[in-house]
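input-v2.txt, holding compact mmCIF, C-alpha atoms and all ligand atoms:
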# COMPACT_ATOMS: atom_id res chain seq x y z
CA MET A 1 -1.09 206.82 137.36
CA SER A 2 -1.92 203.18 138.18
CA THR A 3 0.12 200.71 136.13
CA THR A 4 1.06 197.11 135.46
CA THR A 5 4.66 196.32 134.45
CA ILE A 6 5.43 198.33 131.37
CA PRO A 7 8.71 198.30 129.43
CA THR A 8 10.45 201.50 128.35
CA THR A 9 10.88 200.58 124.69
CA MET A 10 8.58 198.93 122.16
CA ARG A 11 8.16 197.67 118.62
CA GLY A 12 6.41 199.98 116.20
CA VAL A 13 6.49 201.73 112.86
CA LEU A 14 7.83 205.24 112.46
CA CYS A 15 6.77 207.39 109.52
CA THR A 16 10.12 209.12 109.12
CA ALA A 17 9.24 211.69 106.44
CA VAL A 18 6.60 212.61 103.88
CA GLY A 19 6.75 210.19 100.96
CA SER A 20 6.02 206.77 99.50
CA PRO A 21 5.50 203.67 101.68
CA SER A 22 9.32 203.40 101.90
CA VAL A 23 9.28 206.11 104.60
CA LEU A 24 7.56 203.63 106.95
CA SER A 25 10.30 202.18 109.13
CA TYR A 26 9.81 199.16 111.44
CA ARG A 27 11.65 199.72 114.76
CA THR A 28 12.19 197.82 117.98
CA ASP A 29 13.47 200.70 120.10
CA LEU A 30 10.66 203.25 120.17
CA PRO A 31 9.91 204.87 123.53
CA VAL A 32 6.70 203.64 125.21
CA PRO A 33 4.41 206.69 125.58
CA ARG A 34 3.11 207.77 128.99
CA PRO A 35 -0.60 208.55 129.35
CA SER A 36 -1.26 212.20 130.14
CA ALA A 37 -4.37 213.51 131.89
CA GLY A 38 -7.53 212.01 130.42
CA GLN A 39 -5.60 209.32 128.54
CA VAL A 40 -5.18 205.58 128.98
CA LEU A 41 -2.21 203.48 127.91
CA ILE A 42 -3.13 200.46 125.80
CA ARG A 43 -1.02 197.42 124.91
CA ASN A 44 -2.24 196.80 121.37
CA THR A 45 -2.93 193.38 119.92
CA TYR A 46 -4.11 194.72 116.53
CA ALA A 47 -3.74 198.03 114.71
CA GLY A 48 -6.32 199.12 112.16
CA ILE A 49 -5.37 200.61 108.82
CA ASN A 50 -7.42 203.40 107.29
CA TYR A 51 -7.04 205.32 104.07
CA ILE A 52 -6.33 208.45 106.13
CA ASP A 53 -3.00 206.89 107.19
CA THR A 54 -1.81 207.27 103.59
CA TYR A 55 -2.78 210.96 103.58
CA PHE A 56 -0.61 211.64 106.64
CA ARG A 57 2.26 209.59 105.18
CA ALA A 58 2.05 211.31 101.78
CA GLY A 59 1.62 214.80 103.23
CA ILE A 60 -1.93 215.34 101.86
CA TYR A 61 -2.81 216.04 105.49
CA PRO A 62 0.22 217.81 107.00
CA SER A 63 1.55 216.47 110.32
CA PRO A 64 4.92 216.68 112.08
CA LYS A 65 7.38 213.89 111.23
CA PRO A 66 8.61 211.52 112.48
CA GLU A 67 5.28 210.19 113.72
CA ILE A 68 3.56 206.90 114.49
CA LEU A 69 0.53 206.52 112.21
CA GLY A 70 -2.62 204.54 112.99
CA ARG A 71 -6.08 205.79 113.98
CA ASP A 72 -7.59 202.73 115.66
CA GLY A 73 -6.59 199.65 117.60
CA GLU A 74 -7.59 196.77 119.85
CA GLY A 75 -5.79 195.75 123.03
CA VAL A 76 -5.71 195.82 126.81
CA ILE A 77 -5.52 198.84 129.11
CA VAL A 78 -2.26 198.76 131.08
CA ALA A 79 -2.32 202.19 132.73
CA LEU A 80 -4.67 205.08 133.44
CA GLY A 81 -3.65 208.72 133.34
CA GLU A 82 -4.86 211.28 135.87
CA GLY A 83 -8.31 212.83 135.49
CA GLU A 84 -11.44 211.60 133.75
CA THR A 85 -11.11 208.09 132.31
CA TYR A 86 -14.83 207.20 132.23
CA GLY A 87 -14.69 204.19 134.55
CA LEU A 88 -12.22 202.32 132.33
CA HIS A 89 -9.91 200.00 134.25
CA VAL A 90 -6.51 198.32 133.89
CA GLY A 91 -6.95 194.87 132.33
CA ALA A 92 -10.02 195.82 130.28
CA LYS A 93 -10.10 194.56 126.71
CA VAL A 94 -10.87 197.58 124.55
CA VAL A 95 -10.95 199.15 121.12
CA TRP A 96 -10.00 202.76 120.55
CA MET A 97 -9.88 205.59 118.03
CA GLY A 98 -7.14 208.20 118.20
CA SER A 99 -3.58 208.25 116.94
CA GLY A 100 -0.33 206.30 117.19
CA GLY A 101 -1.70 202.81 116.53
CA TYR A 102 1.16 201.23 114.57
CA ALA A 103 2.93 200.25 117.81
CA GLU A 104 2.86 197.94 120.80
CA TYR A 105 1.61 200.70 123.10
CA SER A 106 -0.60 203.74 122.42
CA ALA A 107 -1.56 206.53 124.83
CA VAL A 108 -5.00 207.69 123.71
CA SER A 109 -7.85 209.84 124.97
CA ALA A 110 -10.15 207.77 127.20
CA LEU A 111 -13.11 209.50 125.55
CA HIS A 112 -12.67 207.35 122.43
CA VAL A 113 -11.97 204.03 124.16
CA ALA A 114 -14.72 201.37 124.37
CA PRO A 115 -14.70 198.01 126.16
CA VAL A 116 -15.16 195.11 123.74
CA PRO A 117 -18.52 193.52 124.56
CA GLU A 118 -18.85 189.82 125.36
CA GLY A 119 -19.40 187.68 122.31
CA ILE A 120 -17.52 189.84 119.80
CA PRO A 121 -14.50 187.80 118.66
CA GLU A 122 -10.94 189.13 118.46
CA THR A 123 -10.34 191.54 115.52
CA ILE A 124 -14.03 192.12 114.80
CA ALA A 125 -14.47 195.13 117.08
CA VAL A 126 -11.38 196.91 115.79
CA ALA A 127 -12.28 196.03 112.21
CA SER A 128 -15.65 197.72 112.76
CA LEU A 129 -15.05 200.75 114.91
CA LEU A 130 -13.74 203.60 112.75
CA GLN A 131 -15.15 202.59 109.39
CA GLY A 132 -18.46 201.43 110.86
CA LEU A 133 -18.91 204.63 112.87
CA THR A 134 -18.05 206.66 109.78
CA ALA A 135 -20.78 204.95 107.77
CA LEU A 136 -23.29 205.04 110.64
CA THR A 137 -22.82 208.75 111.38
CA MET A 138 -22.86 209.64 107.67
CA ILE A 139 -26.26 208.01 107.09
CA ARG A 140 -27.69 209.38 110.35
CA GLU A 141 -26.28 212.89 110.42
CA ALA A 142 -24.66 213.93 107.13
CA HIS A 143 -27.66 212.73 105.13
CA PRO A 144 -30.34 211.18 107.37
CA THR A 145 -31.25 208.50 104.87
CA LYS A 146 -34.85 207.40 104.49
CA ARG A 147 -36.52 204.22 103.27
CA GLY A 148 -36.89 204.14 99.50
CA GLU A 149 -34.25 206.76 98.74
CA TRP A 150 -31.74 206.20 95.96
CA VAL A 151 -28.15 206.48 97.18
CA LEU A 152 -24.91 206.31 95.19
CA VAL A 153 -21.94 204.88 97.13
CA HIS A 154 -18.49 205.18 95.56
CA ALA A 155 -15.81 202.56 96.28
CA ALA A 156 -18.65 200.40 97.57
CA ALA A 157 -16.37 197.40 98.30
CA GLY A 158 -13.94 199.42 100.43
CA GLY A 159 -13.82 199.49 104.21
CA VAL A 160 -16.35 202.29 104.66
CA GLY A 161 -18.14 201.31 101.45
CA LEU A 162 -19.17 197.83 102.62
CA TRP A 163 -20.52 199.30 105.84
CA LEU A 164 -22.50 201.90 103.89
CA CYS A 165 -24.01 199.23 101.62
CA GLN A 166 -25.16 197.14 104.60
CA LEU A 167 -26.46 200.02 106.71
CA LEU A 168 -28.25 201.68 103.80
CA LYS A 169 -29.93 198.43 102.88
CA ALA A 170 -30.95 197.99 106.51
CA VAL A 171 -32.73 201.36 106.51
CA GLY A 172 -34.48 200.48 103.27
CA ALA A 173 -32.52 202.73 100.90
CA ARG A 174 -31.76 201.56 97.35
CA VAL A 175 -28.02 201.49 96.78
CA ILE A 176 -26.14 202.00 93.53
CA GLY A 177 -22.45 201.29 94.08
CA THR A 178 -19.27 201.82 92.12
CA ALA A 179 -16.14 199.65 92.21
CA SER A 180 -13.19 198.85 89.98
CA THR A 181 -13.10 195.04 89.66
CA VAL A 182 -15.46 192.13 89.15
CA GLN A 183 -14.68 190.76 92.63
CA LYS A 184 -15.40 194.13 94.22
CA VAL A 185 -18.67 194.40 92.32
CA GLU A 186 -19.71 190.97 93.64
CA GLU A 187 -18.69 191.80 97.21
CA ALA A 188 -20.68 195.05 97.25
CA HIS A 189 -23.70 193.31 95.75
CA ARG A 190 -23.51 190.78 98.56
CA ALA A 191 -23.36 193.61 101.09
CA GLY A 192 -26.59 195.10 99.79
CA ALA A 193 -25.92 197.20 96.69
CA GLU A 194 -28.86 196.67 94.35
CA TYR A 195 -27.00 197.96 91.28
CA MET A 196 -23.25 198.08 90.74
CA ILE A 197 -21.28 200.06 88.18
CA ASN A 198 -17.74 199.00 87.34
CA TYR A 199 -16.23 202.46 86.83
CA SER A 200 -12.90 201.10 85.68
CA GLU A 201 -14.42 199.77 82.46
CA GLU A 202 -13.50 202.08 79.63
CA LYS A 203 -16.93 202.39 78.11
CA THR A 204 -18.89 202.90 81.33
CA ASP A 205 -20.62 206.26 81.56
CA VAL A 206 -21.42 206.44 85.29
CA VAL A 207 -23.65 209.48 84.96
CA ALA A 208 -25.74 207.96 82.17
CA ARG A 209 -26.06 204.66 84.03
CA VAL A 210 -27.17 206.25 87.32
CA LEU A 211 -29.75 208.36 85.49
CA GLU A 212 -30.97 205.30 83.63
CA ILE A 213 -31.37 203.32 86.88
CA THR A 214 -33.24 206.15 88.59
CA GLY A 215 -35.58 206.82 85.67
CA GLY A 216 -33.80 210.05 84.75
CA VAL A 217 -34.36 211.63 88.18
CA GLY A 218 -30.98 211.12 89.86
CA VAL A 219 -30.11 209.98 93.37
CA ASP A 220 -31.26 211.48 96.65
CA ALA A 221 -27.72 211.33 98.02
CA VAL A 222 -24.15 210.50 97.05
CA PHE A 223 -21.61 209.19 99.58
CA ASP A 224 -18.22 209.85 98.04
CA GLY A 225 -14.89 208.87 99.61
CA VAL A 226 -13.10 208.85 96.25
CA GLY A 227 -12.92 212.62 95.86
CA LYS A 228 -11.19 214.27 92.89
CA ASP A 229 -12.12 211.73 90.19
CA THR A 230 -15.82 211.46 91.04
CA PHE A 231 -16.84 214.84 92.45
CA ASP A 232 -17.91 216.53 89.20
CA ASP A 233 -20.11 213.57 88.28
CA ASP A 234 -21.66 213.62 91.77
CA LEU A 235 -23.13 217.03 90.96
CA LYS A 236 -24.56 215.58 87.73
CA VAL A 237 -26.18 212.46 89.21
CA VAL A 238 -27.68 213.98 92.34
CA LYS A 239 -31.30 215.00 91.95
CA ARG A 240 -32.81 218.42 92.56
CA LYS A 241 -32.56 219.25 96.29
CA GLY A 242 -30.35 216.17 96.76
CA THR A 243 -27.24 215.83 98.95
CA VAL A 244 -23.61 215.18 98.11
CA VAL A 245 -21.59 213.92 101.07
CA SER A 246 -17.92 214.19 100.11
CA PHE A 247 -16.01 212.48 102.91
CA GLY A 248 -12.62 211.47 101.50
CA ASN A 249 -9.89 211.81 98.89
CA ALA A 250 -8.77 208.33 97.80
CA SER A 251 -8.17 209.62 94.24
CA GLY A 252 -6.96 213.06 95.35
CA VAL A 253 -8.38 216.16 97.00
CA VAL A 254 -11.42 217.81 95.40
CA PRO A 255 -10.08 221.10 94.00
CA PRO A 256 -11.68 224.42 94.95
CA PHE A 257 -14.80 225.08 92.90
CA ALA A 258 -17.44 227.76 92.39
CA ILE A 259 -20.32 227.24 94.85
CA SER A 260 -22.67 228.64 92.24
CA LYS A 261 -22.48 225.15 90.64
CA LEU A 262 -24.80 224.02 93.45
CA ALA A 263 -27.47 226.57 92.56
CA PRO A 264 -29.37 225.11 89.58
CA LYS A 265 -30.44 221.99 91.51
CA CYS A 266 -30.29 223.51 95.04
CA ILE A 267 -27.77 220.80 95.98
CA LYS A 268 -26.71 220.34 99.60
CA LEU A 269 -22.97 219.65 99.90
CA LEU A 270 -21.16 218.45 103.02
CA ARG A 271 -17.55 217.60 103.79
CA PRO A 272 -17.89 215.88 107.20
CA GLN A 273 -15.46 213.90 109.34
CA VAL A 274 -16.44 211.12 111.74
CA PHE A 275 -14.70 212.67 114.76
CA GLY A 276 -17.02 215.69 114.42
CA TYR A 277 -20.00 213.41 115.09
CA ILE A 278 -18.47 211.60 118.09
CA THR A 279 -16.89 214.54 119.90
CA THR A 280 -18.58 213.93 123.25
CA ARG A 281 -18.34 210.75 125.34
CA GLN A 282 -22.09 210.33 125.03
CA GLU A 283 -22.04 210.55 121.23
CA PHE A 284 -19.17 208.06 121.07
CA THR A 285 -20.71 205.53 123.44
CA THR A 286 -24.19 205.77 121.91
CA TYR A 287 -23.02 205.17 118.35
CA THR A 288 -20.49 202.52 119.41
CA ALA A 289 -23.11 200.60 121.40
CA GLU A 290 -25.41 200.62 118.39
CA LEU A 291 -22.62 199.43 116.10
CA PHE A 292 -21.69 196.58 118.45
CA ARG A 293 -25.34 195.59 118.78
CA PHE A 294 -25.61 195.18 115.00
CA ILE A 295 -22.64 192.81 115.14
CA GLN A 296 -23.85 190.86 118.19
CA GLU A 297 -27.24 190.37 116.53
CA ASN A 298 -25.55 189.19 113.30
CA LYS A 299 -27.13 192.04 111.35
CA MET A 300 -23.81 193.16 109.84
CA GLU A 301 -21.01 191.17 108.31
CA VAL A 302 -17.52 192.48 109.08
CA LYS A 303 -15.24 191.95 106.10
CA ILE A 304 -11.52 191.79 106.95
CA HIS A 305 -9.38 191.91 103.83
CA LYS A 306 -6.30 190.58 105.58
CA VAL A 307 -4.41 190.60 108.87
CA TYR A 308 -0.81 191.61 108.09
CA GLU A 309 2.24 191.53 110.34
CA LEU A 310 3.52 194.87 111.63
CA GLU A 311 6.81 194.31 109.79
CA ASP A 312 4.86 194.22 106.49
CA VAL A 313 3.57 197.77 106.87
CA GLN A 314 5.00 199.03 103.57
CA ARG A 315 3.11 196.34 101.68
CA VAL A 316 -0.06 197.20 103.58
CA HIS A 317 0.06 200.77 102.29
CA GLU A 318 0.96 199.57 98.77
CA ASP A 319 -2.01 197.20 98.70
CA LEU A 320 -4.43 199.86 99.96
CA GLU A 321 -3.26 202.57 97.57
CA GLY A 322 -3.03 200.01 94.75
CA ARG A 323 -6.80 199.38 95.11
CA ARG A 324 -6.15 195.69 95.80
CA THR A 325 -8.23 195.47 99.00
CA MET A 326 -11.84 194.96 100.09
CA GLY A 327 -13.03 195.72 103.61
CA LYS A 328 -10.77 196.36 106.59
CA LEU A 329 -7.00 195.90 106.81
CA LEU A 330 -5.41 195.05 110.16
CA MET A 331 -1.86 194.54 111.45
CA ARG A 332 -1.07 192.04 114.18
CA ILE A 333 1.15 193.65 116.80
N1 LIG B 1 -14.45 211.79 106.68
C1 LIG B 1 -14.18 210.81 107.53
O1 LIG B 1 -14.37 210.93 108.73
C2 LIG B 1 -13.68 209.51 107.02
C3 LIG B 1 -13.54 208.40 107.86
C4 LIG B 1 -13.10 207.20 107.31
C5 LIG B 1 -12.78 207.14 105.97
N2 LIG B 1 -12.87 208.25 105.21
C6 LIG B 1 -12.55 208.23 103.79
O2 LIG B 1 -13.35 207.24 103.19
C7 LIG B 1 -12.66 206.72 102.08
C8 LIG B 1 -12.59 205.21 102.22
O3 LIG B 1 -11.72 204.90 103.29
P1 LIG B 1 -11.33 203.41 103.62
O4 LIG B 1 -10.32 203.45 104.69
O5 LIG B 1 -12.58 202.62 103.80
O6 LIG B 1 -10.60 202.96 102.26
P2 LIG B 1 -11.12 201.94 101.14
O7 LIG B 1 -12.43 202.42 100.60
O8 LIG B 1 -11.04 200.56 101.66
O9 LIG B 1 -10.00 202.11 100.03
C9 LIG B 1 -10.06 203.14 99.11
C10 LIG B 1 -10.82 202.73 97.84
O10 LIG B 1 -11.01 203.89 97.04
C11 LIG B 1 -11.15 203.50 95.71
N3 LIG B 1 -10.39 204.39 94.82
C12 LIG B 1 -10.90 205.10 93.79
N4 LIG B 1 -9.96 205.78 93.16
C13 LIG B 1 -8.80 205.49 93.79
C14 LIG B 1 -7.46 205.89 93.55
N5 LIG B 1 -7.12 206.73 92.55
N6 LIG B 1 -6.50 205.42 94.38
C15 LIG B 1 -6.81 204.57 95.38
N7 LIG B 1 -8.08 204.16 95.64
C16 LIG B 1 -9.06 204.62 94.84
C17 LIG B 1 -10.65 202.05 95.60
O11 LIG B 1 -11.80 201.23 95.37
P3 LIG B 1 -12.12 200.83 93.84
O12 LIG B 1 -10.91 200.08 93.38
O13 LIG B 1 -13.34 200.02 93.89
O14 LIG B 1 -12.27 202.12 93.11
C18 LIG B 1 -10.03 201.78 96.95
O15 LIG B 1 -10.14 200.43 97.30
C19 LIG B 1 -11.30 207.40 102.05
O16 LIG B 1 -11.35 208.51 101.20
C20 LIG B 1 -11.13 207.84 103.47
O17 LIG B 1 -10.26 208.92 103.59
C21 LIG B 1 -13.31 209.42 105.71
Mind turning the file's structure into structure tokens?
Amino acid sequence: MSTTTIPTTMRGVLCTAVGSPSVLSYRTDLPVPRPSAGQVLIRNTYAGINYIDTYFRAGIYPSPKPEILGRDGEGVIVALGEGETYGLHVGAKVVWMGSGGYAEYSAVSALHVAPVPEGIPETIAVASLLQGLTALTMIREAHPTKRGEWVLVHAAAGGVGLWLCQLLKAVGARVIGTASTVQKVEEAHRAGAEYMINYSEEKTDVVARVLEITGGVGVDAVFDGVGKDTFDDDLKVVKRKGTVVSFGNASGVVPPFAISKLAPKCIKLLRPQVFGYITTRQEFTTYTAELFRFIQENKMEVKIHKVYELEDVQRVHEDLEGRRTMGKLLMRI
């Protein structure tokens, strides 16, 4: 292991048990992890927040506690583990996807670490990586979206949602988005949604509105990260031989259902996860290079809701679960 000077303890946030944001505990005495084979140790400057962090905290996705949450970060490599580290070097400024991001140091698999290209300002690469790759892989692989297709995007002003709006517009798809506030509706419109439906308004019938917009036909595809509250309607608004991509559970997990419901319209249904599309180093680097190119060429706008301090972690989770955010949330380390 080659290293620079590394302390033995660090600041970070421990998720001490399953529960509300109150189980997130800011500490100054956490042990600095050591990189094992195939890992690199990164001194983080920013940690990304993703909705999945709330699932691990709340126990929707089971994981051993105590644990350090956080699936992405930006920082500098300070040590390399043994084995394959893909030419990464100590001192490189990088972004990464993995686990343990709410801390000064993270030991993560080198496979999902990418150098930050010249010209991409601080925070932008980490604000883009996980949510941008999710949107990019969903429109390429889950439902390879074509020019002219109608696509419904739920939570269109969220982190993944704003990426989907921009990328779908770029490929020439026609986006109908949903969101819960006037500001979110405006933001998603700006990002490329042609029609927006405010699904928090009491009288809004989302199914009727989508069918009206699409001339009674329905959409070619639905991208749904909301889950429980929207899934049944997804099956109603998707057209014959259309695709429902259910990729998250912000409102709760979609309950088990009878697959025969898919039969009348021959619906394709997927429940993908981004890591399944970037499992190899080549997949990760190819998609990441494309994502960074979009940013360098000013083709995508990266919306950062707010940069919080690490000590404010409980409020970060409250804001995200309280539906008060648009775009990406970050914590300064
Ligand atoms: N499968 C994967 O690999 C993958 C990867 C990344 C993200 N995801 C999923 O994608 C979704 C979006 O993730 P994100 O990090 O970008 O979060 P986000 O969209 O920024 O935040 C979640 C949004 O969901 C909407 N929502 C609807 N009902 C909700 C409810 N009952 N409680 C809270 N929020 C509700 C809210 O928007 P409105 O107020 O406009 O309704 C909220 O802002 C999540 O489900 C996440 O798990 C999946």
Requested in this report: Can you work out which one of A:Lys265, A:Ser200, A:Ala142, A:Ala173 has the shortest atom-to-atom distance to A:Asp224, counting only C-alpha atoms?
Outcome: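 Closest residue, counting only C-alpha atoms: A:Ala142.
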Query raised in the report: In Å, how far is it from atom CA of A:Gln273 to atom C21 of ligand LIG 1 (chain B)?
Result: 6.2 Å
**Report entry** Option closest in space to A:Gln296, from A:Val222, A:Leu310, A:Val206, A:Ile120 [counting all atoms listed in the file]
**Finding:**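 Between A:Val222, A:Leu310, A:Val206, A:Ile120, the residue approaching A:Gln296 most closely is A:Ile120.
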Using only C-alpha atoms, collect all residues at a distance of at most 6 Å from (-10.2, 197.2, 103.1) as written in the file, then present them as an mmCIF file with C-alpha atoms, keeping the file's coordinate frame.
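Result file follows (part.cif):
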data_model
loop_
_atom_site.group_PDB
_atom_site.id
_atom_site.type_symbol
_atom_site.label_atom_id
_atom_site.label_comp_id
_atom_site.auth_asym_id
_atom_site.auth_seq_id
_atom_site.Cartn_x
_atom_site.Cartn_y
_atom_site.Cartn_z
ATOM 1 C CA GLY A 158 -13.940 199.420 100.430
ATOM 2 C CA GLY A 159 -13.820 199.490 104.210
ATOM 3 C CA HIS A 305 -9.380 191.910 103.830
ATOM 4 C CA THR A 325 -8.230 195.470 99.000
ATOM 5 C CA MET A 326 -11.840 194.960 100.090
ATOM 6 C CA GLY A 327 -13.030 195.720 103.610
ATOM 7 C CA LYS A 328 -10.770 196.360 106.590
ATOM 8 C CA LEU A 329 -7.000 195.900 106.810
#
Residues within 10 Å of A:Phe223, please, as a compact mmCIF listing (two decimals) with C-alpha atoms, keeping the file's coordinate frame. Count all atoms listed in the file; anything in the same chain fewer than 3 positions from it doesn't count.
# COMPACT_ATOMS: atom_id res chain seq x y z
CA ALA A 135 -20.78 204.95 107.77
CA MET A 138 -22.86 209.64 107.67
CA ILE A 139 -26.26 208.01 107.09
CA ALA A 142 -24.66 213.93 107.13
CA HIS A 143 -27.66 212.73 105.13
CA VAL A 151 -28.15 206.48 97.18
CA LEU A 152 -24.91 206.31 95.19
CA VAL A 153 -21.94 204.88 97.13
CA HIS A 154 -18.49 205.18 95.56
CA ALA A 155 -15.81 202.56 96.28
CA ALA A 156 -18.65 200.40 97.57
CA GLY A 161 -18.14 201.31 101.45
CA LEU A 164 -22.50 201.90 103.89
CA GLY A 177 -22.45 201.29 94.08
CA VAL A 226 -13.10 208.85 96.25
CA ASP A 234 -21.66 213.62 91.77
CA THR A 243 -27.24 215.83 98.95
CA VAL A 244 -23.61 215.18 98.11
CA VAL A 245 -21.59 213.92 101.07
CA SER A 246 -17.92 214.19 100.11
CA PHE A 247 -16.01 212.48 102.91
CA GLY A 248 -12.62 211.47 101.50
CA LEU A 270 -21.16 218.45 103.02
Query raised in the report: Which residues come within 10 Å of A:His89, counting all atoms listed in the file, excluding same-chain residues fewer than 6 positions away, as a list in words?
Result: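 Near A:His89, the qualifying residues are Ser2, Val40, Val76, Ile77, Val78, Ala79, Leu80 and Pro115 of chain A.
Interatomic distance, atom CA of A:Arg324 against atom C12 of ligand LIG 1 (chain B): 10.7 Å.
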Selection: 6 Å around A:Thr45, only C-alpha atoms, excl. self and same-chain fewer than 4 positions, as an mmCIF file with C-alpha atoms, in the coordinates of the input:
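Done, and the output landed in selection-v6.cif:
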data_model
loop_
_atom_site.group_PDB
_atom_site.id
_atom_site.type_symbol
_atom_site.label_atom_id
_atom_site.label_comp_id
_atom_site.auth_asym_id
_atom_site.auth_seq_id
_atom_site.Cartn_x
_atom_site.Cartn_y
_atom_site.Cartn_z
ATOM 1 C CA GLU A 74 -7.590 196.770 119.850
ATOM 2 C CA GLY A 75 -5.790 195.750 123.030
ATOM 3 C CA ILE A 333 1.150 193.650 116.800
#
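You can rank A:Glu84, A:Glu141, A:Glu318, A:Asp29 by their closest distance to A:Glu283 using only C-alpha atoms, and at the top of that list sits A:Glu141.
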Query raised in the report: Looking at all atoms listed in the file, which of A:His112, A:Arg240, A:Arg71, A:Lys146 is the one that sits closest to ligand LIG 1 (chain B)?
Result: A:Arg71
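A straight line drawn from atom CA of A:Tyr199 to atom CA of A:Ser180 is 5.7 Å long.
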Query raised in the report: Which residues, written as number ranges by chain, have at least one atom at most 8 Å from A:Gly101, with all atoms listed in the file counted and residues fewer than 4 positions away on the same chain left out?
Result: A: 44, 47-48, 68-73, 105-106
